[in-house]
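Take a look at the structure set out below.
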Amino acid sequence: MYIVELKGATAINMATQLGELIPSNQLVATVGNNYNASSPKIKAYVAAVKARQASVAAEIGIVDVLHNYAHTFNGFSARLSPTQLKAISNHPDVAAVYPDEVHQLQTANTPTFLGLVSEAGDGVHDNGIVGEDVIVGILDSGIWPENPSFSSAASSAANSYGPAPEAWAGECNVGSVGSFVRDGVVIYDDSTAPADEFTCNNKLIGARYFGSTFSSVYEMQFGLGEFASPRDADGHGSHTASTAAGNAGVDATLSGTDVGTLSGIAPRARVAAYKVCWNANYISPAGVNERGCFFGDSLAAIDQAVIDGVDVLNYSIGNSQAINSPVYNASLSAANAGVFFSASAGNSGPTAATVSNIAPWIATVAASTYDGISAAIGNALNINSGALAGESFFSVPAVIGTAVPEGGLTADLGLANPIAACGPLSNDLTGQIALIARGGCPFVDKLLNAEAAGAIGAVVYTLSGTPIPMGGEDPGIGIPGVMVFNADGLALADSVNSGTTNVTMSLDGAAVDAVEVGNIMASFSSRGVNTQTADILKPDITAPGVRILAASSPEQLQFGGNPQGENFAYLQGTSMSSPHIAGMAALLAGQYPTWTPAQIKSAIMTTARQNLVKENGITPADPFDFGAGHVAPAPSLNPGLVYSANLGDYLGFLCGQGEAGLVSSARFGADCNEIADAGFATDASQLNYPSIAIGELAGTETISRTVTDVSGNGGTYNVLVDAPEGTTVSVATFDAAGDPIPSGLLEVAPGGTASYSLTFNSVPGFPANQWVFGEVTLERTDGLTVRSPIAVNQVPTSTIIVPELLSLELNRGRALFFVETLYSGSFGVEHQGLSLPFGVAKTSPSNPGAFNFGINVSSPSYYTAFSVPEGATLLRISTRDVLVSVPGTNLDIVLYTCVPTPTGNSCSPLQSSTGPDANEDMIIINPENTVNSGLSFYLLFVQGVDLLGNASVDYTQLIWILDGAESSTVVSASTRAVENRLQNISLRTRGLASGLYMGTVTFTDGNGEVQGTTALEVIQP
């Protein structure tokens, strides 16, 4: 599956060129979305764009186009053969071809926690700021229209709605599931998929569904309860929609127990649902995750949502960590139209550098906890014998494994040994229910290890906090599991140690109040640094995302123990925090309809608070955890100043990221030279962003920002800097004309602008190659503050320009290359290699879409575990199509690192190589060793992305690990360097057989400091 982008502007960008949208001033209407898709010029342009798309597809012989895009993106999606892919990639009218990707989906107490409502009646909602008639679009798994969170019935004045806003152009229950074909037979299409009755109302004003791309790859599981409509078979979409914009005053129950009264963050906003995610949590019998949200369908939904007239979009779905991807491109056009785009940061934390949805025109939202009382719903664990006989403990059933049987499950408890059950158990638990401690490894591992020891069930006790439904990628666990409180688990352990303890895992309903402790970063919340560019700080903000109570689907996909019959659910993830910010954006858009998306995001970020801790509950959180901090709704309504940015600013950013092709004149009406000449910054650090990041501070760097008064009163601000460790920061201020302000204060006229610059200098002894944090606060004379976080990574000043990788071919055993020296003095080189690879023969199982760890670790033949010795300077891993048993497949390299824990090893992703075929390369210079770095071993997988219909393929992977110099290789250079001269580096070998060799050369300057290592790829003919 591929997404083809054509040259030529999108319709939104054409509207900009025609003057219907103005990129340097989006204030062309009195509501967020300013794009008019029905203007005569735009309608004519869209028709011409689609005609050209059809012509290009026909020329290549593409007969089955799944989606056409014209408004936020100019192109189409289709399945392409290798021949068609090559032809269309070389077509003169084609700008880019992207492999389609499938991504996975990533509130009773939170309105009070956020200060939206209060017992004193002085909350934001209490003051009438409720997002009236702002339209919030939800890109997700659909929606359950009958849920009271989306009712327009006049049960109260707060939930009574008139007709949809006049600019609304959307529809209800319109869309396509595409068609699924197996062995040449059409299994279903739009005419045969089961019909569903679905109606909208004046609260839920529109609902569409997009499934053509999904059905071209996976089968929709209608037999298990998926719907051929916008109806939600997962619960996720209903949850995010009600969190952002659900009705106020909705009474929620779970298992018949009252659990609270709900309100969306913007309870008077209108809702539009766009279903792009399918099959809930379904895993095929072959173990493939046949579920999720394809770029092709999401792109079509974004395109349509902007036409329909949404003002805010929520995207609680994963995304690429590289900036040039279809959803990022479409969301940029949406932002240009005035649509605020909120997205989840990802659920791969607390590992560093895992944050996604990293485009600067997107609000990237981390997740943290909230203060309050939640309801824990579960079943009774009855104690039949032993020291606790007659007692009953609260337990929560797992969503993995089998269900607790009707009538319950009764057996003696047996303590797992080791108690965490993260590895094979040393004791026989045949016929018993295992008692296990939480932590150290996934729940799946615990239950599998208990089952392997003969247990017929498992009771897991928490380390702290409230029991949760244990989840994960269920490979077919054959026993049920429940979780209990820590104190109860320890009491059960004591009882077992003192005698036989018989228990019953029952289906008797039980409920307890759970105390939620706020302002703790969620362990799963993805962290910075931003891998696209460290010069843009991500995530932007954090919001509640742990145990969030909101609407759900009462008829979920009948798979994996999904709950049935419940209209509400507690869920957690950055999927839950993102709609909090979407709702906040709706409140601000309703209150200040002339503000741009960038200004709304600025107001949210610069008024945030920072009194949070990391997941351990002790260490203060930092900007890589939460960006600017935790959203604070009331202060955000009065930010004083905002940081504005427009299309030109974002195009300048893209130019600086090497995306000149994306910013070509055919797409946006200007090329990168014109963007730079117009004064737009191309250095990402200089983007007028509400946070400041410098990915490499080498000595001195000056960062500038411009602020705009939105208070209407102007004011004088003191610029206060808390300098990051190891730096000094000097401040200069400038008026709207760019002239220095002699007082050094920031003087801003009512509705006007002013600028300031911060000059960062590294001081001796600075912490090298470490991120350090600070802040700049603009403090008005009346005490109002505008705060931005600062993140700086200081690097030693370079004295030798060291290339990362050079490809050389030996001539009579010799080769020559050069490096540039920026000093005069002594010069040293040290080499490793040259070395040939060793081959490892393995098997790759079919795993299309996102990498599935469970599938790929299920057999030793699917992975390679290896160590890296101390002092190694290079690790290279390669695959080649000629070394695969089936030619023409698409294989990706996925590398994990594993660290020891008290109960085993914990593995996390390190790096991947994801090209369009089986020819993949991964080169890591100076890899961490497995001797004294804290790593246990590396774990290498080759993912079978497209095996051409095969269940698996065999392959041989090539691995180079360099940890010493070979006697057959000599590297030499002059021992003296001359400033600004090229230094000759001579490579001499003897006796090498033909092949591809790898080597490294490490360079040392006159101070004895290593300046870098160059990887050498050397061919001996």
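Going through the structure tokens in order, the chains are called A, B, and so on, while each chain numbers its residues from 1 and the ligands are numbered from 1 in the order shown.
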- Task: Would you return as an MDAnalysis selection string the members of region 723-925 of chain A that DSSP assigns to strand (DSSP E or B) on this structure's backbone?
- Result: chainID A and resid 727:734 740 746:748 753:762 771:780 785:794 800:801 805:809 811 814:821 825:826 828:835 838:846 863:866 874:879 884 890:901 904:913 920:925
Shell around region 346-357 of chain A at 8 Å using only C-alpha atoms, local window under 6 positions removed, as a PDB file with all heavy atoms, in the first residue's frame:
```
ATOM      1  N   GLN A 106      -3.285   4.890  20.493  1.00  0.00           N
ATOM      2  CA  GLN A 106      -2.370   5.206  21.625  1.00  0.00           C
ATOM      3  C   GLN A 106      -3.168   5.506  22.919  1.00  0.00           C
ATOM      4  O   GLN A 106      -4.004   6.245  22.810  1.00  0.00           O
ATOM      5  CB  GLN A 106      -1.431   6.368  21.318  1.00  0.00           C
ATOM      6  CG  GLN A 106      -0.567   6.333  20.103  1.00  0.00           C
ATOM      7  CD  GLN A 106       0.749   5.792  20.022  1.00  0.00           C
ATOM      8  OE1 GLN A 106       0.793   5.024  19.342  1.00  0.00           O
ATOM      9  NE2 GLN A 106       1.797   5.993  20.574  1.00  0.00           N
ATOM     10  N   ILE A 317      -3.540   8.804  18.014  1.00  0.00           N
ATOM     11  CA  ILE A 317      -3.040   7.701  17.200  1.00  0.00           C
ATOM     12  C   ILE A 317      -1.541   7.894  17.052  1.00  0.00           C
ATOM     13  O   ILE A 317      -1.044   9.026  17.056  1.00  0.00           O
ATOM     14  CB  ILE A 317      -3.725   7.681  15.812  1.00  0.00           C
ATOM     15  CG1 ILE A 317      -5.255   7.579  15.960  1.00  0.00           C
ATOM     16  CG2 ILE A 317      -3.198   6.553  14.944  1.00  0.00           C
ATOM     17  CD1 ILE A 317      -6.012   7.776  14.662  1.00  0.00           C
ATOM     18  N   GLY A 318      -0.803   6.815  16.913  1.00  0.00           N
ATOM     19  CA  GLY A 318       0.629   6.909  16.716  1.00  0.00           C
ATOM     20  C   GLY A 318       0.978   7.580  15.402  1.00  0.00           C
ATOM     21  O   GLY A 318       0.138   7.776  14.516  1.00  0.00           O
ATOM     22  N   ASN A 319       2.247   7.938  15.262  1.00  0.00           N
ATOM     23  CA  ASN A 319       2.683   8.637  14.058  1.00  0.00           C
ATOM     24  C   ASN A 319       4.179   8.393  13.863  1.00  0.00           C
ATOM     25  O   ASN A 319       4.858   7.820  14.712  1.00  0.00           O
ATOM     26  CB  ASN A 319       2.387  10.137  14.169  1.00  0.00           C
ATOM     27  CG  ASN A 319       2.143  10.788  12.818  1.00  0.00           C
ATOM     28  OD1 ASN A 319       2.627  10.313  11.790  1.00  0.00           O
ATOM     29  ND2 ASN A 319       1.389  11.871  12.803  1.00  0.00           N
ATOM     30  N   SER A 320       4.670   8.867  12.754  1.00  0.00           N
ATOM     31  CA  SER A 320       6.081   8.727  12.421  1.00  0.00           C
ATOM     32  C   SER A 320       6.925   9.666  13.281  1.00  0.00           C
ATOM     33  O   SER A 320       6.443  10.701  13.754  1.00  0.00           O
ATOM     34  CB  SER A 320       6.287   9.058  10.938  1.00  0.00           C
ATOM     35  OG  SER A 320       7.657   9.165  10.628  1.00  0.00           O
ATOM     36  N   GLN A 321       8.195   9.302  13.474  1.00  0.00           N
ATOM     37  CA  GLN A 321       9.134  10.207  14.137  1.00  0.00           C
ATOM     38  C   GLN A 321       9.939  11.005  13.123  1.00  0.00           C
ATOM     39  O   GLN A 321      10.840  11.756  13.510  1.00  0.00           O
ATOM     40  CB  GLN A 321      10.075   9.420  15.055  1.00  0.00           C
ATOM     41  CG  GLN A 321       9.391   8.891  16.322  1.00  0.00           C
ATOM     42  CD  GLN A 321      10.368   8.267  17.300  1.00  0.00           C
ATOM     43  OE1 GLN A 321      11.058   7.319  16.958  1.00  0.00           O
ATOM     44  NE2 GLN A 321      10.416   8.790  18.500  1.00  0.00           N
ATOM     45  N   TYR A 328       1.528  14.422   8.810  1.00  0.00           N
ATOM     46  CA  TYR A 328       2.145  15.710   9.142  1.00  0.00           C
ATOM     47  C   TYR A 328       1.883  16.733   8.037  1.00  0.00           C
ATOM     48  O   TYR A 328       1.585  17.896   8.300  1.00  0.00           O
ATOM     49  CB  TYR A 328       3.648  15.547   9.347  1.00  0.00           C
ATOM     50  CG  TYR A 328       4.037  14.795  10.599  1.00  0.00           C
ATOM     51  CD1 TYR A 328       5.122  13.932  10.604  1.00  0.00           C
ATOM     52  CD2 TYR A 328       3.326  14.941  11.788  1.00  0.00           C
ATOM     53  CE1 TYR A 328       5.485  13.234  11.748  1.00  0.00           C
ATOM     54  CE2 TYR A 328       3.684  14.243  12.929  1.00  0.00           C
ATOM     55  CZ  TYR A 328       4.761  13.393  12.906  1.00  0.00           C
ATOM     56  OH  TYR A 328       5.113  12.714  14.039  1.00  0.00           O
ATOM     57  N   THR A 364       1.539  18.379  20.994  1.00  0.00           N
ATOM     58  CA  THR A 364       1.930  17.016  21.357  1.00  0.00           C
ATOM     59  C   THR A 364       1.763  16.848  22.863  1.00  0.00           C
ATOM     60  O   THR A 364       2.398  17.547  23.643  1.00  0.00           O
ATOM     61  CB  THR A 364       3.390  16.769  20.945  1.00  0.00           C
ATOM     62  OG1 THR A 364       3.557  17.143  19.569  1.00  0.00           O
ATOM     63  CG2 THR A 364       3.761  15.312  21.134  1.00  0.00           C
ATOM     64  N   ALA A 366       1.653  14.801  26.479  1.00  0.00           N
ATOM     65  CA  ALA A 366       2.081  13.730  27.374  1.00  0.00           C
ATOM     66  C   ALA A 366       0.959  13.434  28.366  1.00  0.00           C
ATOM     67  O   ALA A 366      -0.077  14.113  28.392  1.00  0.00           O
ATOM     68  CB  ALA A 366       3.357  14.145  28.100  1.00  0.00           C
ATOM     69  N   SER A 523       4.216   6.384  33.567  1.00  0.00           N
ATOM     70  CA  SER A 523       5.417   5.671  33.123  1.00  0.00           C
ATOM     71  C   SER A 523       5.371   5.394  31.629  1.00  0.00           C
ATOM     72  O   SER A 523       6.406   5.370  30.958  1.00  0.00           O
ATOM     73  CB  SER A 523       5.575   4.363  33.895  1.00  0.00           C
ATOM     74  OG  SER A 523       4.464   3.515  33.677  1.00  0.00           O
ATOM     75  N   PHE A 524       4.174   5.210  31.067  1.00  0.00           N
ATOM     76  CA  PHE A 524       4.054   4.869  29.652  1.00  0.00           C
ATOM     77  C   PHE A 524       4.198   6.077  28.733  1.00  0.00           C
ATOM     78  O   PHE A 524       4.396   5.928  27.531  1.00  0.00           O
ATOM     79  CB  PHE A 524       2.702   4.204  29.359  1.00  0.00           C
ATOM     80  CG  PHE A 524       1.517   5.026  29.782  1.00  0.00           C
ATOM     81  CD1 PHE A 524       1.094   6.121  29.057  1.00  0.00           C
ATOM     82  CD2 PHE A 524       0.813   4.700  30.937  1.00  0.00           C
ATOM     83  CE1 PHE A 524       0.005   6.880  29.450  1.00  0.00           C
ATOM     84  CE2 PHE A 524      -0.283   5.449  31.345  1.00  0.00           C
ATOM     85  CZ  PHE A 524      -0.689   6.555  30.601  1.00  0.00           C
ATOM     86  N   SER A 525       4.107   7.285  29.276  1.00  0.00           N
ATOM     87  CA  SER A 525       4.101   8.491  28.444  1.00  0.00           C
ATOM     88  C   SER A 525       5.443   8.648  27.731  1.00  0.00           C
ATOM     89  O   SER A 525       6.501   8.666  28.359  1.00  0.00           O
ATOM     90  CB  SER A 525       3.812   9.711  29.312  1.00  0.00           C
ATOM     91  OG  SER A 525       3.672  10.873  28.522  1.00  0.00           O
ATOM     92  N   SER A 526       5.417   8.777  26.412  1.00  0.00           N
ATOM     93  CA  SER A 526       6.653   8.866  25.622  1.00  0.00           C
ATOM     94  C   SER A 526       7.420  10.142  25.950  1.00  0.00           C
ATOM     95  O   SER A 526       6.835  11.191  26.195  1.00  0.00           O
ATOM     96  CB  SER A 526       6.349   8.803  24.131  1.00  0.00           C
ATOM     97  OG  SER A 526       5.912   7.520  23.765  1.00  0.00           O
ATOM     98  N   ARG A 527       8.731  10.039  25.915  1.00  0.00           N
ATOM     99  CA  ARG A 527       9.607  11.133  26.326  1.00  0.00           C
ATOM    100  C   ARG A 527      10.381  11.707  25.150  1.00  0.00           C
ATOM    101  O   ARG A 527      10.572  11.069  24.113  1.00  0.00           O
ATOM    102  CB  ARG A 527      10.616  10.656  27.374  1.00  0.00           C
ATOM    103  CG  ARG A 527      10.113  10.028  28.684  1.00  0.00           C
ATOM    104  CD  ARG A 527       8.900  10.661  29.306  1.00  0.00           C
ATOM    105  NE  ARG A 527       8.836  10.463  30.750  1.00  0.00           N
ATOM    106  CZ  ARG A 527       7.997   9.661  31.389  1.00  0.00           C
ATOM    107  NH1 ARG A 527       7.137   8.940  30.704  1.00  0.00           N
ATOM    108  NH2 ARG A 527       7.995   9.583  32.703  1.00  0.00           N
ATOM    109  N   GLY A 528      10.877  12.952  25.345  1.00  0.00           N
ATOM    110  CA  GLY A 528      11.847  13.511  24.427  1.00  0.00           C
ATOM    111  C   GLY A 528      13.196  12.852  24.674  1.00  0.00           C
ATOM    112  O   GLY A 528      13.352  12.079  25.611  1.00  0.00           O
ATOM    113  N   VAL A 529      14.162  13.044  23.797  1.00  0.00           N
ATOM    114  CA  VAL A 529      14.296  14.163  22.937  1.00  0.00           C
ATOM    115  C   VAL A 529      13.568  13.894  21.606  1.00  0.00           C
ATOM    116  O   VAL A 529      13.306  12.750  21.250  1.00  0.00           O
ATOM    117  CB  VAL A 529      15.796  14.433  22.711  1.00  0.00           C
ATOM    118  CG1 VAL A 529      16.430  13.317  21.933  1.00  0.00           C
ATOM    119  CG2 VAL A 529      16.086  15.746  22.045  1.00  0.00           C
ATOM    120  N   ASN A 530      13.236  14.964  20.894  1.00  0.00           N
ATOM    121  CA  ASN A 530      12.611  14.889  19.585  1.00  0.00           C
ATOM    122  C   ASN A 530      13.638  14.357  18.587  1.00  0.00           C
ATOM    123  O   ASN A 530      14.660  14.990  18.339  1.00  0.00           O
ATOM    124  CB  ASN A 530      12.130  16.297  19.213  1.00  0.00           C
ATOM    125  CG  ASN A 530      11.465  16.387  17.870  1.00  0.00           C
ATOM    126  OD1 ASN A 530      11.487  15.456  17.081  1.00  0.00           O
ATOM    127  ND2 ASN A 530      10.874  17.534  17.597  1.00  0.00           N
ATOM    128  N   THR A 531      13.379  13.175  18.021  1.00  0.00           N
ATOM    129  CA  THR A 531      14.360  12.554  17.134  1.00  0.00           C
ATOM    130  C   THR A 531      14.417  13.202  15.759  1.00  0.00           C
ATOM    131  O   THR A 531      15.399  13.014  15.033  1.00  0.00           O
ATOM    132  CB  THR A 531      14.082  11.045  16.973  1.00  0.00           C
ATOM    133  OG1 THR A 531      12.736  10.861  16.515  1.00  0.00           O
ATOM    134  CG2 THR A 531      14.269  10.330  18.291  1.00  0.00           C
ATOM    135  N   LYS A 538       9.822  18.552  22.413  1.00  0.00           N
ATOM    136  CA  LYS A 538       8.587  17.761  22.436  1.00  0.00           C
ATOM    137  C   LYS A 538       8.675  16.762  23.574  1.00  0.00           C
ATOM    138  O   LYS A 538       9.758  16.262  23.849  1.00  0.00           O
ATOM    139  CB  LYS A 538       8.376  17.023  21.102  1.00  0.00           C
ATOM    140  CG  LYS A 538       7.995  17.906  19.926  1.00  0.00           C
ATOM    141  CD  LYS A 538       6.562  18.413  20.022  1.00  0.00           C
ATOM    142  CE  LYS A 538       6.175  19.238  18.807  1.00  0.00           C
ATOM    143  NZ  LYS A 538       4.762  19.604  18.788  1.00  0.00           N
ATOM    144  N   PRO A 539       7.576  16.398  24.243  1.00  0.00           N
ATOM    145  CA  PRO A 539       6.211  16.877  24.020  1.00  0.00           C
ATOM    146  C   PRO A 539       6.057  18.361  24.367  1.00  0.00           C
ATOM    147  O   PRO A 539       6.982  18.982  24.899  1.00  0.00           O
ATOM    148  CB  PRO A 539       5.380  15.993  24.953  1.00  0.00           C
ATOM    149  CG  PRO A 539       6.334  15.584  26.028  1.00  0.00           C
ATOM    150  CD  PRO A 539       7.663  15.433  25.363  1.00  0.00           C
ATOM    151  N   GLY A 573      -3.651   6.317  28.911  1.00  0.00           N
ATOM    152  CA  GLY A 573      -2.767   6.439  27.758  1.00  0.00           C
ATOM    153  C   GLY A 573      -2.677   7.898  27.358  1.00  0.00           C
ATOM    154  O   GLY A 573      -3.483   8.738  27.783  1.00  0.00           O
ATOM    155  N   THR A 574      -1.695   8.215  26.519  1.00  0.00           N
ATOM    156  CA  THR A 574      -1.665   9.581  25.975  1.00  0.00           C
ATOM    157  C   THR A 574      -2.856   9.807  25.044  1.00  0.00           C
ATOM    158  O   THR A 574      -3.175  10.950  24.727  1.00  0.00           O
ATOM    159  CB  THR A 574      -0.340   9.859  25.242  1.00  0.00           C
ATOM    160  OG1 THR A 574      -0.103   8.839  24.269  1.00  0.00           O
ATOM    161  CG2 THR A 574       0.825   9.890  26.215  1.00  0.00           C
ATOM    162  N   SER A 575      -3.511   8.725  24.632  1.00  0.00           N
ATOM    163  CA  SER A 575      -4.781   8.859  23.912  1.00  0.00           C
ATOM    164  C   SER A 575      -5.811   9.597  24.754  1.00  0.00           C
ATOM    165  O   SER A 575      -6.703  10.261  24.226  1.00  0.00           O
ATOM    166  CB  SER A 575      -5.346   7.479  23.560  1.00  0.00           C
ATOM    167  OG  SER A 575      -4.693   6.919  22.468  1.00  0.00           O
ATOM    168  N   SER A 908      13.927  -2.969  25.323  1.00  0.00           N
ATOM    169  CA  SER A 908      13.258  -1.811  24.728  1.00  0.00           C
ATOM    170  C   SER A 908      13.893  -1.500  23.383  1.00  0.00           C
ATOM    171  O   SER A 908      15.074  -1.794  23.158  1.00  0.00           O
ATOM    172  CB  SER A 908      13.339  -0.596  25.657  1.00  0.00           C
ATOM    173  OG  SER A 908      14.677  -0.300  25.958  1.00  0.00           O
TER     174      SER A 908
END
```
- Name the residues in contact with region 251-260 of chain A at a cut-off of 8 Å, using only C-alpha atoms, excluding same-chain residues fewer than 4 positions from it; report them as a list in words. Ala108, Ser374, Ala375, Ile377, Gly509, Ala511, Glu566, Asn567, Phe568 and Ala569 of chain A
Export of the given selection (all heavy atoms) as a PDB file, in the first residue's frame:
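File produced: result.pdb:
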```pdb
ATOM      1  N   ALA A 108     -14.567  11.960  35.031  1.00  0.00           N
ATOM      2  CA  ALA A 108     -15.348  12.402  36.178  1.00  0.00           C
ATOM      3  C   ALA A 108     -14.570  13.371  37.056  1.00  0.00           C
ATOM      4  O   ALA A 108     -15.107  14.350  37.514  1.00  0.00           O
ATOM      5  CB  ALA A 108     -15.781  11.198  37.004  1.00  0.00           C
ATOM      6  N   SER A 374     -11.408   7.766  42.376  1.00  0.00           N
ATOM      7  CA  SER A 374     -11.996   7.029  41.261  1.00  0.00           C
ATOM      8  C   SER A 374     -12.642   5.772  41.822  1.00  0.00           C
ATOM      9  O   SER A 374     -12.442   5.418  42.982  1.00  0.00           O
ATOM     10  CB  SER A 374     -10.932   6.664  40.217  1.00  0.00           C
ATOM     11  OG  SER A 374      -9.994   5.766  40.753  1.00  0.00           O
ATOM     12  N   ALA A 375     -13.412   5.125  40.999  1.00  0.00           N
ATOM     13  CA  ALA A 375     -14.068   3.884  41.412  1.00  0.00           C
ATOM     14  C   ALA A 375     -13.360   2.707  40.758  1.00  0.00           C
ATOM     15  O   ALA A 375     -13.123   2.717  39.548  1.00  0.00           O
ATOM     16  CB  ALA A 375     -15.532   3.899  41.021  1.00  0.00           C
ATOM     17  N   ILE A 377     -13.779  -1.133  39.869  1.00  0.00           N
ATOM     18  CA  ILE A 377     -14.848  -2.115  39.697  1.00  0.00           C
ATOM     19  C   ILE A 377     -14.218  -3.470  39.409  1.00  0.00           C
ATOM     20  O   ILE A 377     -13.329  -3.594  38.562  1.00  0.00           O
ATOM     21  CB  ILE A 377     -15.779  -1.720  38.537  1.00  0.00           C
ATOM     22  CG1 ILE A 377     -16.313  -0.300  38.745  1.00  0.00           C
ATOM     23  CG2 ILE A 377     -16.917  -2.714  38.401  1.00  0.00           C
ATOM     24  CD1 ILE A 377     -17.158  -0.124  39.976  1.00  0.00           C
ATOM     25  N   GLY A 509     -19.818  -9.289  41.918  1.00  0.00           N
ATOM     26  CA  GLY A 509     -19.404  -7.906  41.725  1.00  0.00           C
ATOM     27  C   GLY A 509     -18.884  -7.275  43.000  1.00  0.00           C
ATOM     28  O   GLY A 509     -19.345  -7.555  44.106  1.00  0.00           O
ATOM     29  N   ALA A 511     -16.817  -3.336  44.384  1.00  0.00           N
ATOM     30  CA  ALA A 511     -16.344  -2.000  44.029  1.00  0.00           C
ATOM     31  C   ALA A 511     -15.694  -1.367  45.246  1.00  0.00           C
ATOM     32  O   ALA A 511     -16.122  -1.576  46.376  1.00  0.00           O
ATOM     33  CB  ALA A 511     -17.484  -1.125  43.533  1.00  0.00           C
ATOM     34  N   GLU A 566     -21.241  -2.058  28.864  1.00  0.00           N
ATOM     35  CA  GLU A 566     -20.872  -0.896  29.671  1.00  0.00           C
ATOM     36  C   GLU A 566     -20.796   0.351  28.792  1.00  0.00           C
ATOM     37  O   GLU A 566     -20.138   0.346  27.753  1.00  0.00           O
ATOM     38  CB  GLU A 566     -19.514  -1.107  30.351  1.00  0.00           C
ATOM     39  CG  GLU A 566     -19.476  -2.275  31.324  1.00  0.00           C
ATOM     40  CD  GLU A 566     -20.213  -1.993  32.624  1.00  0.00           C
ATOM     41  OE1 GLU A 566     -20.790  -0.897  32.784  1.00  0.00           O
ATOM     42  OE2 GLU A 566     -20.220  -2.885  33.498  1.00  0.00           O
ATOM     43  N   ASN A 567     -21.467   1.416  29.240  1.00  0.00           N
ATOM     44  CA  ASN A 567     -21.455   2.674  28.489  1.00  0.00           C
ATOM     45  C   ASN A 567     -20.295   3.577  28.863  1.00  0.00           C
ATOM     46  O   ASN A 567     -20.095   4.626  28.235  1.00  0.00           O
ATOM     47  CB  ASN A 567     -22.764   3.431  28.710  1.00  0.00           C
ATOM     48  CG  ASN A 567     -23.911   2.804  27.948  1.00  0.00           C
ATOM     49  OD1 ASN A 567     -23.819   2.618  26.735  1.00  0.00           O
ATOM     50  ND2 ASN A 567     -24.982   2.454  28.647  1.00  0.00           N
ATOM     51  N   PHE A 568     -19.536   3.195  29.902  1.00  0.00           N
ATOM     52  CA  PHE A 568     -18.433   4.024  30.371  1.00  0.00           C
ATOM     53  C   PHE A 568     -17.249   3.126  30.704  1.00  0.00           C
ATOM     54  O   PHE A 568     -17.404   1.921  30.920  1.00  0.00           O
ATOM     55  CB  PHE A 568     -18.855   4.854  31.595  1.00  0.00           C
ATOM     56  CG  PHE A 568     -20.056   5.715  31.326  1.00  0.00           C
ATOM     57  CD1 PHE A 568     -21.333   5.262  31.617  1.00  0.00           C
ATOM     58  CD2 PHE A 568     -19.906   6.964  30.750  1.00  0.00           C
ATOM     59  CE1 PHE A 568     -22.444   6.038  31.350  1.00  0.00           C
ATOM     60  CE2 PHE A 568     -21.010   7.756  30.464  1.00  0.00           C
ATOM     61  CZ  PHE A 568     -22.287   7.291  30.760  1.00  0.00           C
ATOM     62  N   ALA A 569     -16.057   3.727  30.761  1.00  0.00           N
ATOM     63  CA  ALA A 569     -14.866   2.937  31.061  1.00  0.00           C
ATOM     64  C   ALA A 569     -13.770   3.845  31.594  1.00  0.00           C
ATOM     65  O   ALA A 569     -13.702   5.035  31.261  1.00  0.00           O
ATOM     66  CB  ALA A 569     -14.378   2.209  29.812  1.00  0.00           C
TER      67      ALA A 569
END
```
- Item | Contacts of region 748-756 of chain A at 10 Å (only C-alpha atoms; same-chain gap of 2+ positions) as a ChimeraX atom specification | /A:641-644,703-717,719,731-741,744-746,758
- Task: Could you give me, as a PyMOL selection string, each residue of region 372-478 of chain A that DSSP assigns to helix (DSSP H, G or I) when run on this structure's backbone?
- Result: chain A and resi 443-452
Please produce a file of those selected residues containing C-alpha atoms, as a compact mmCIF listing (two decimals), in the first residue's frame.
```txt
# COMPACT_ATOMS: atom_id res chain seq x y z
CA PHE A 443 1.70 -9.42 32.62
CA VAL A 444 1.71 -11.84 29.69
CA ASP A 445 5.04 -13.28 30.86
CA LYS A 446 3.76 -13.75 34.41
CA LEU A 447 0.66 -15.66 33.37
CA LEU A 448 2.52 -17.77 30.80
CA ASN A 449 5.15 -18.75 33.36
CA ALA A 450 2.45 -19.62 35.92
CA GLU A 451 0.60 -21.71 33.35
CA ALA A 452 3.82 -23.51 32.39
```
- Item | Shortest interatomic distance to Asp513 (chain A) - which of A:Ala598, A:Ala376, A:Leu571, A:Val763, counting only C-alpha atoms |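 That would be A:Ala376, the residue with the smallest distance to Asp513 (chain A).
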- Name all residues at most 9 Å from Val482 (chain A) (count only C-alpha atoms; drop same-chain ones fewer than 3 positions away) and give them as a list in words. Asn379, Leu381, Ser395, Val396, Pro397, Ala398, Val404, Gly457, Ala458, Val459, Val460, Tyr461, Pro467, Ile468, Pro469, Met470 and Met505 of chain A
- Message: So, with only C-alpha atoms as the atoms that count, which of A:Asn1007, A:Ser242, A:Asn427, A:Ser636 lies closest to Gly115 (chain A)?
- Response: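 Smallest separation from Gly115 (chain A) among the options: A:Ser636.
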